[in-house]
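A.B. asks: PDB, C-alpha atoms and all ligand atoms, saved as run_37.pdb, coming up:
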```pdb
ATOM      1  CA  ALA A 298      19.561  20.072  14.660
ATOM      2  CA  ALA A 299      18.730  22.390  11.819
ATOM      3  CA  PHE A 300      14.962  22.044  12.217
ATOM      4  CA  PRO A 301      14.361  21.295  15.887
ATOM      5  CA  LEU A 302      10.614  21.919  15.640
ATOM      6  CA  LEU A 303       9.987  19.310  12.934
ATOM      7  CA  LYS A 304       8.210  16.270  14.312
ATOM      8  CA  PRO A 305      10.241  13.051  13.994
ATOM      9  CA  ILE A 306       8.519  10.360  11.932
ATOM     10  CA  ASN A 307       8.482   7.910  14.809
ATOM     11  CA  MET A 308       7.241   9.568  17.974
ATOM     12  CA  LEU A 309       7.505   7.746  21.262
ATOM     13  CA  GLU A 310       4.044   8.425  22.634
ATOM     14  CA  ARG A 311       1.791   7.541  25.518
ATOM     15  CA  THR A 312      -1.890   6.912  25.154
ATOM     16  CA  LEU A 313      -4.787   5.900  27.368
ATOM     17  CA  ILE A 314      -6.973   2.931  26.699
ATOM     18  CA  ILE A 315      -9.954   1.820  28.747
ATOM     19  CA  ILE A 316     -11.237  -1.743  28.866
ATOM     20  CA  LYS A 317     -14.956  -0.957  28.928
ATOM     21  CA  PRO A 318     -17.668  -2.702  30.993
ATOM     22  CA  ASP A 319     -18.931  -4.931  28.178
ATOM     23  CA  ALA A 320     -15.451  -6.451  27.797
ATOM     24  CA  ILE A 321     -14.916  -6.839  31.551
ATOM     25  CA  LYS A 322     -18.246  -8.653  31.899
ATOM     26  CA  ARG A 323     -17.298 -11.087  29.134
ATOM     27  CA  GLU A 324     -13.874 -11.933  30.664
ATOM     28  CA  LEU A 325     -11.928 -10.239  27.859
ATOM     29  CA  ILE A 326      -9.373  -8.331  29.963
ATOM     30  CA  GLY A 327      -6.505 -10.706  29.200
ATOM     31  CA  GLU A 328      -7.439 -11.025  25.530
ATOM     32  CA  ILE A 329      -7.423  -7.243  25.057
ATOM     33  CA  LEU A 330      -4.167  -6.627  26.945
ATOM     34  CA  LEU A 331      -2.511  -9.482  25.021
ATOM     35  CA  ARG A 332      -3.384  -7.872  21.699
ATOM     36  CA  PHE A 333      -1.720  -4.587  22.704
ATOM     37  CA  GLU A 334       1.325  -6.304  24.250
ATOM     38  CA  ASN A 335       1.742  -8.552  21.215
ATOM     39  CA  ALA A 336       1.711  -5.427  19.034
ATOM     40  CA  GLY A 337       4.742  -4.095  20.929
ATOM     41  CA  LEU A 338       3.011  -1.590  23.192
ATOM     42  CA  HIS A 339       4.236  -1.323  26.794
ATOM     43  CA  VAL A 340       1.994  -1.090  29.861
ATOM     44  CA  LEU A 341       3.061   1.928  31.976
ATOM     45  CA  ALA A 342       0.064   2.013  34.340
ATOM     46  CA  MET A 343      -3.146   0.116  34.991
ATOM     47  CA  LYS A 344      -5.951  -0.141  37.548
ATOM     48  CA  MET A 345      -9.567  -1.178  37.972
ATOM     49  CA  VAL A 346     -11.877   1.668  38.984
ATOM     50  CA  GLN A 347     -15.583   2.377  39.151
ATOM     51  CA  VAL A 348     -16.404   5.870  37.890
ATOM     52  CA  SER A 349     -19.575   7.775  38.758
ATOM     53  CA  LYS A 350     -22.032   8.939  36.097
ATOM     54  CA  ARG A 351     -20.670  12.456  36.664
ATOM     55  CA  ASP A 352     -17.062  11.257  36.169
ATOM     56  CA  ALA A 353     -18.099   9.535  32.943
ATOM     57  CA  GLU A 354     -19.772  12.733  31.723
ATOM     58  CA  LYS A 355     -16.603  14.681  32.500
ATOM     59  CA  PHE A 356     -14.369  12.131  30.772
ATOM     60  CA  TYR A 357     -16.557  12.177  27.640
ATOM     61  CA  ALA A 358     -17.341  15.935  27.782
ATOM     62  CA  GLU A 359     -16.547  16.361  24.064
ATOM     63  CA  HIS A 360     -19.624  14.238  23.291
ATOM     64  CA  ALA A 361     -22.064  16.115  25.572
ATOM     65  CA  GLY A 362     -25.329  16.754  23.753
ATOM     66  CA  LYS A 363     -24.901  13.951  21.210
ATOM     67  CA  SER A 364     -27.608  11.324  20.776
ATOM     68  CA  PHE A 365     -25.491   8.541  22.298
ATOM     69  CA  PHE A 366     -24.139  10.555  25.277
ATOM     70  CA  GLU A 367     -26.594   9.198  27.859
ATOM     71  CA  LYS A 368     -26.115   5.594  26.785
ATOM     72  CA  LEU A 369     -22.339   5.983  26.654
ATOM     73  CA  THR A 370     -21.930   7.568  30.090
ATOM     74  CA  THR A 371     -24.389   5.105  31.650
ATOM     75  CA  LEU A 372     -22.347   2.228  30.189
ATOM     76  CA  LEU A 373     -18.995   3.625  31.345
ATOM     77  CA  SER A 374     -20.268   4.032  34.934
ATOM     78  CA  SER A 375     -22.160   0.707  35.050
ATOM     79  CA  THR A 376     -19.347  -1.537  36.364
ATOM     80  CA  PRO A 377     -15.644  -1.111  37.125
ATOM     81  CA  ILE A 378     -13.440  -0.314  34.135
ATOM     82  CA  ILE A 379      -9.703  -0.702  33.509
ATOM     83  CA  PRO A 380      -7.821   2.387  32.332
ATOM     84  CA  VAL A 381      -4.330   1.541  31.049
ATOM     85  CA  VAL A 382      -1.454   3.792  29.953
ATOM     86  CA  LEU A 383       0.391   2.345  26.966
ATOM     87  CA  SER A 384       3.611   3.576  25.380
ATOM     88  CA  GLY A 385       5.268   2.929  22.061
ATOM     89  CA  GLU A 386       6.206   4.518  18.769
ATOM     90  CA  ASN A 387       3.204   6.406  17.404
ATOM     91  CA  ALA A 388       1.196   4.751  20.184
ATOM     92  CA  ILE A 389      -1.916   6.904  19.692
ATOM     93  CA  ALA A 390      -2.463   5.959  16.039
ATOM     94  CA  HIS A 391      -1.129   2.433  16.553
ATOM     95  CA  VAL A 392      -3.640   1.752  19.333
ATOM     96  CA  ARG A 393      -6.517   3.149  17.287
ATOM     97  CA  LYS A 394      -5.534   0.851  14.415
ATOM     98  CA  ILE A 395      -5.522  -2.185  16.725
ATOM     99  CA  MET A 396      -8.925  -1.124  18.158
ATOM    100  CA  GLY A 397     -10.618  -0.608  14.805
ATOM    101  CA  ALA A 398     -13.488   1.694  13.844
ATOM    102  CA  THR A 399     -15.935   2.896  16.503
ATOM    103  CA  ASN A 400     -18.781   0.713  15.217
ATOM    104  CA  PRO A 401     -17.773  -2.970  14.958
ATOM    105  CA  VAL A 402     -19.765  -3.237  11.713
ATOM    106  CA  ASP A 403     -17.237  -0.846  10.139
ATOM    107  CA  ALA A 404     -14.139  -2.255  11.863
ATOM    108  CA  GLU A 405     -11.535  -4.197   9.881
ATOM    109  CA  GLU A 406     -11.132  -7.911  10.478
ATOM    110  CA  GLY A 407      -8.571  -8.681  13.154
ATOM    111  CA  THR A 408      -9.225  -5.487  15.111
ATOM    112  CA  ILE A 409     -10.454  -5.658  18.695
ATOM    113  CA  ARG A 410     -13.786  -4.051  17.868
ATOM    114  CA  HIS A 411     -14.419  -6.246  14.832
ATOM    115  CA  ASP A 412     -13.579  -9.394  16.741
ATOM    116  CA  LEU A 413     -14.982  -8.618  20.204
ATOM    117  CA  ALA A 414     -17.321  -5.596  20.330
ATOM    118  CA  LEU A 415     -21.065  -6.048  20.782
ATOM    119  CA  ASP A 416     -22.375  -2.888  19.072
ATOM    120  CA  GLY A 417     -21.635   0.796  18.428
ATOM    121  CA  THR A 418     -21.827   1.697  22.118
ATOM    122  CA  GLN A 419     -20.557  -1.488  23.781
ATOM    123  CA  ASN A 420     -17.394  -1.547  21.734
ATOM    124  CA  SER A 421     -15.050  -3.018  24.362
ATOM    125  CA  VAL A 422     -12.261  -0.424  24.326
ATOM    126  CA  HIS A 423     -11.552   3.289  24.383
ATOM    127  CA  GLY A 424      -8.359   4.815  22.956
ATOM    128  CA  SER A 425      -7.184   8.443  23.014
ATOM    129  CA  ASP A 426      -7.510  10.199  19.652
ATOM    130  CA  SER A 427      -4.741  12.862  19.844
ATOM    131  CA  PRO A 428      -1.728  13.908  21.934
ATOM    132  CA  ASP A 429      -3.877  16.499  23.741
ATOM    133  CA  SER A 430      -6.606  14.016  24.610
ATOM    134  CA  ALA A 431      -4.016  11.414  25.631
ATOM    135  CA  ALA A 432      -2.447  13.870  28.094
ATOM    136  CA  ARG A 433      -5.855  14.870  29.484
ATOM    137  CA  GLU A 434      -7.128  11.296  29.719
ATOM    138  CA  ILE A 435      -3.952   9.916  31.360
ATOM    139  CA  ALA A 436      -4.124  12.686  33.986
ATOM    140  CA  PHE A 437      -7.830  11.949  34.480
ATOM    141  CA  PHE A 438      -7.025   8.487  35.869
ATOM    142  CA  PHE A 439      -3.386   8.493  37.033
ATOM    143  CA  ASN A 440      -0.991  10.628  39.025
ATOM    144  CA  THR A 441       2.736  10.547  38.229
ATOM    145  CA  LEU A 442       3.503   8.094  41.073
ATOM    146  CA  GLU A 443       1.270   5.532  39.402
ATOM    147  CA  ILE A 444       3.099   5.594  36.062
ATOM    148  CA  PHE A 445       6.113   3.371  35.309
ATOM    149  CA  GLU A 446       8.360   6.259  34.223
ATOM    150  CA  ASN A 447      11.488   4.485  33.039
ATOM    151  CA  ARG A 448       9.827   1.809  30.955
ATOM    152  CA  GLU A 449      10.333   3.632  27.663
ATOM    153  CA  GLY A 450      13.442   3.640  25.504
TER     154      GLY A 450
HETATM  155  P1  LIG A 501     -14.035   6.302  19.573
HETATM  156  O1  LIG A 501     -12.990   7.366  19.723
HETATM  157  O2  LIG A 501     -13.797   5.397  18.407
HETATM  158  O3  LIG A 501     -14.278   5.527  20.851
HETATM  159  O4  LIG A 501     -15.413   7.022  19.215
HETATM  160  P2  LIG A 501     -16.003   8.440  19.692
HETATM  161  O5  LIG A 501     -14.993   9.230  20.462
HETATM  162  O6  LIG A 501     -16.621   9.097  18.500
HETATM  163  O7  LIG A 501     -17.196   8.023  20.656
HETATM  164  C1  LIG A 501     -16.961   7.627  21.977
HETATM  165  C2  LIG A 501     -17.783   6.390  22.274
HETATM  166  O8  LIG A 501     -19.189   6.738  22.169
HETATM  167  C3  LIG A 501     -17.623   5.245  21.282
HETATM  168  O9  LIG A 501     -16.517   4.431  21.549
HETATM  169  C4  LIG A 501     -18.932   4.510  21.469
HETATM  170  O10 LIG A 501     -18.914   3.746  22.677
HETATM  171  C5  LIG A 501     -19.916   5.652  21.626
HETATM  172  N1  LIG A 501     -20.447   6.084  20.318
HETATM  173  C6  LIG A 501     -19.848   6.873  19.404
HETATM  174  N2  LIG A 501     -20.612   7.091  18.320
HETATM  175  C7  LIG A 501     -21.743   6.405  18.556
HETATM  176  C8  LIG A 501     -22.942   6.233  17.798
HETATM  177  O11 LIG A 501     -23.096   6.759  16.693
HETATM  178  N3  LIG A 501     -23.909   5.452  18.356
HETATM  179  C9  LIG A 501     -23.754   4.875  19.568
HETATM  180  N4  LIG A 501     -24.746   4.139  20.060
HETATM  181  N5  LIG A 501     -22.647   5.016  20.316
HETATM  182  C10 LIG A 501     -21.643   5.774  19.813
HETATM  183 MG    MG A 502     -13.009   9.070  20.903
END
```
Mind converting the file's structure to structure tokens?
C.D. replies:
Amino acid sequence: AAFPLLKPINMLERTLIIIKPDAIKRELIGEILLRFENAGLHVLAMKMVQVSKRDAEKFYAEHAGKSFFEKLTTLLSSTPIIPVVLSGENAIAHVRKIMGATNPVDAEEGTIRHDLALDGTQNSVHGSDSPDSAAREIAFFFNTLEIFENREG
């Protein structure tokens, strides 16, 4: 191609979501996965894990020092969580659109956070915010043997 470095408009991407403790406690696992599957995203990996407070602090290192850091990392390590690798065209932005804004008060109607989240901390789902964070976050929870490699395409 003449311009091999130009990014195609539709990028097949992977992203990491986490079904957070508040959603697990309220039996919303199926509801949340259904929304992503219905939107055309494919599940490449999934498990239920309990992370330590230290793991949660490492996962959310970019937020260290912020006012909500303690609350956030305490929540994430409070019960098991479900990290999931999703794939699809423009999956990172697509997933964030389906999730809605961080605070459910600001989230658009029909988004997961608008419809299901409890508050600005207990907002039911996490989703990677960039290709770099998606790569880091997927590797945080999964090794290559745990990822359904040939699902895409
Ligand atoms: P996200 O990418 O939309 O999840 O938002 P951020 O990366 O900015 O923040 C990570 C998580 O920290 C959010 O999903 C919330 O659980 C929590 N959080 C972020 N901002 C706030 C805030 O202003 N107040 C509170 N209480 N929690 C927050
Ligand atoms: Mg974020």
A.B. asks: Where does chain A meet ligand LIG 501 (chain A) within 8 Å, residue by residue, with the nearest atom pair and distance in Å to one decimal for each, counting all atoms listed in the file, listed by chain and rising number, as JSON lines?
C.D. replies:
```
{"residue": "A:Tyr357", "atom": "CA", "partner": "A:LIG501", "partner_atom": "C1", "distance": 7.3}
{"residue": "A:His360", "atom": "CA", "partner": "A:LIG501", "partner_atom": "O7", "distance": 7.2}
{"residue": "A:Ser364", "atom": "CA", "partner": "A:LIG501", "partner_atom": "N3", "distance": 7.3}
{"residue": "A:Phe365", "atom": "CA", "partner": "A:LIG501", "partner_atom": "C9", "distance": 4.9}
{"residue": "A:Phe366", "atom": "CA", "partner": "A:LIG501", "partner_atom": "O8", "distance": 7.0}
{"residue": "A:Lys368", "atom": "CA", "partner": "A:LIG501", "partner_atom": "N4", "distance": 7.0}
{"residue": "A:Leu369", "atom": "CA", "partner": "A:LIG501", "partner_atom": "O8", "distance": 5.5}
{"residue": "A:Arg393", "atom": "CA", "partner": "A:LIG501", "partner_atom": "O2", "distance": 7.7}
{"residue": "A:Gly397", "atom": "CA", "partner": "A:LIG501", "partner_atom": "O2", "distance": 7.7}
{"residue": "A:Ala398", "atom": "CA", "partner": "A:LIG501", "partner_atom": "O2", "distance": 5.9}
{"residue": "A:Thr399", "atom": "CA", "partner": "A:LIG501", "partner_atom": "O2", "distance": 3.8}
{"residue": "A:Asn400", "atom": "CA", "partner": "A:LIG501", "partner_atom": "C7", "distance": 7.2}
{"residue": "A:Asp416", "atom": "CA", "partner": "A:LIG501", "partner_atom": "N4", "distance": 7.5}
{"residue": "A:Gly417", "atom": "CA", "partner": "A:LIG501", "partner_atom": "N5", "distance": 4.7}
{"residue": "A:Thr418", "atom": "CA", "partner": "A:LIG501", "partner_atom": "O10", "distance": 3.6}
{"residue": "A:Gln419", "atom": "CA", "partner": "A:LIG501", "partner_atom": "O10", "distance": 5.6}
{"residue": "A:Asn420", "atom": "CA", "partner": "A:LIG501", "partner_atom": "O10", "distance": 5.6}
{"residue": "A:Ser421", "atom": "CA", "partner": "A:LIG501", "partner_atom": "O10", "distance": 8.0}
{"residue": "A:Val422", "atom": "CA", "partner": "A:LIG501", "partner_atom": "O9", "distance": 7.0}
{"residue": "A:His423", "atom": "CA", "partner": "A:LIG501", "partner_atom": "O3", "distance": 5.0}
{"residue": "A:Gly424", "atom": "CA", "partner": "A:LIG501", "partner_atom": "O1", "distance": 6.2}
{"residue": "A:Ser425", "atom": "CA", "partner": "A:LIG501", "partner_atom": "O1", "distance": 6.8}
{"residue": "A:Asp426", "atom": "CA", "partner": "A:LIG501", "partner_atom": "O1", "distance": 6.2}
```
A.B. asks: Just to confirm, what's the straight-line distance from atom CA of Asn440 of chain A to atom CA of Arg323 of chain A in Å (one decimal)?
C.D. replies: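 These two atoms are separated by 28.9 Å.
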A.B. asks: Report, as JSON, the axis-aligned box around all atoms of segment 424-441 of chain A present in the file, extended by 8 Å on each side; give centre and edge lengths in Å to one decimal place.
C.D. replies:
```
{"center_x": -2.8, "center_y": 10.7, "center_z": 29.3, "size_x": 27.1, "size_y": 27.7, "size_z": 35.4}
```
A.B. asks: Write out as a PyMOL selection string the residues lying within 9 Å of Ala353 of chain A, counting all atoms listed in the file and excluding same-chain residues fewer than 2 positions away.
C.D. replies: chain A and resi 348-351+355-358+369-374
A.B. asks: Just give me the gap between atom CA of Glu443 of chain A and atom CA of Ala342 of chain A in Å, one decimal is fine.
C.D. replies: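 Here the two named atoms are 6.3 Å from each other.
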A.B. asks: Could you name the residues that touch Ile314 of chain A at 9 Å or less, counting all atoms listed in the file, but leaving out those on the same chain fewer than 2 positions away, as JSON, numbers by chain?
C.D. replies: {"A": [312, 316, 379, 380, 381, 382, 383, 392, 422, 423, 424, 425, 434, 435]}
A.B. asks: Print the selection's residues with C-alpha atoms to a file, as a PDB file, keeping the file's coordinate frame.
C.D. replies:
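Saved file out09.pdb follows:
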```pdb
ATOM      1  CA  THR A 312      -1.890   6.912  25.154  1.00  0.00           C
ATOM      2  CA  ILE A 316     -11.237  -1.743  28.866  1.00  0.00           C
ATOM      3  CA  ILE A 379      -9.703  -0.702  33.509  1.00  0.00           C
ATOM      4  CA  PRO A 380      -7.821   2.387  32.332  1.00  0.00           C
ATOM      5  CA  VAL A 381      -4.330   1.541  31.049  1.00  0.00           C
ATOM      6  CA  VAL A 382      -1.454   3.792  29.953  1.00  0.00           C
ATOM      7  CA  LEU A 383       0.391   2.345  26.966  1.00  0.00           C
ATOM      8  CA  VAL A 392      -3.640   1.752  19.333  1.00  0.00           C
ATOM      9  CA  VAL A 422     -12.261  -0.424  24.326  1.00  0.00           C
ATOM     10  CA  HIS A 423     -11.552   3.289  24.383  1.00  0.00           C
ATOM     11  CA  GLY A 424      -8.359   4.815  22.956  1.00  0.00           C
ATOM     12  CA  SER A 425      -7.184   8.443  23.014  1.00  0.00           C
ATOM     13  CA  GLU A 434      -7.128  11.296  29.719  1.00  0.00           C
ATOM     14  CA  ILE A 435      -3.952   9.916  31.360  1.00  0.00           C
TER      15      ILE A 435
END
```
A.B. asks: Mind checking which residues fall within 9 Å of Leu338 of chain A, counting only C-alpha atoms, ignoring those fewer than 4 positions away in the same chain, and posting them as a PyMOL selection string?
C.D. replies: chain A and resi 333-334+383-386+388+391-392
A.B. asks: Considering all atoms listed in the file, return as a ChimeraX atom specification whatever protein or nucleic-acid residues lie within 9 Å of segment 427-429 of chain A, sequence-local ones (same chain, fewer than 4 positions apart) excluded.
C.D. replies: /A:310-312,389-390,433-434
A.B. asks: Which residue is closest to ligand MG 502 (chain A)? Choose from A:Leu341, A:Leu313, A:Ile409, A:Ala336 and count all atoms listed in the file.
C.D. replies: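 Looking at the shortest contact to ligand MG 502 (chain A), the residue is A:Leu313.
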A.B. asks: So how far away is atom CA of Met343 of chain A from atom CA of Asn447 of chain A, in Å?
C.D. replies: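 Distance between the two atoms: 15.4 Å.
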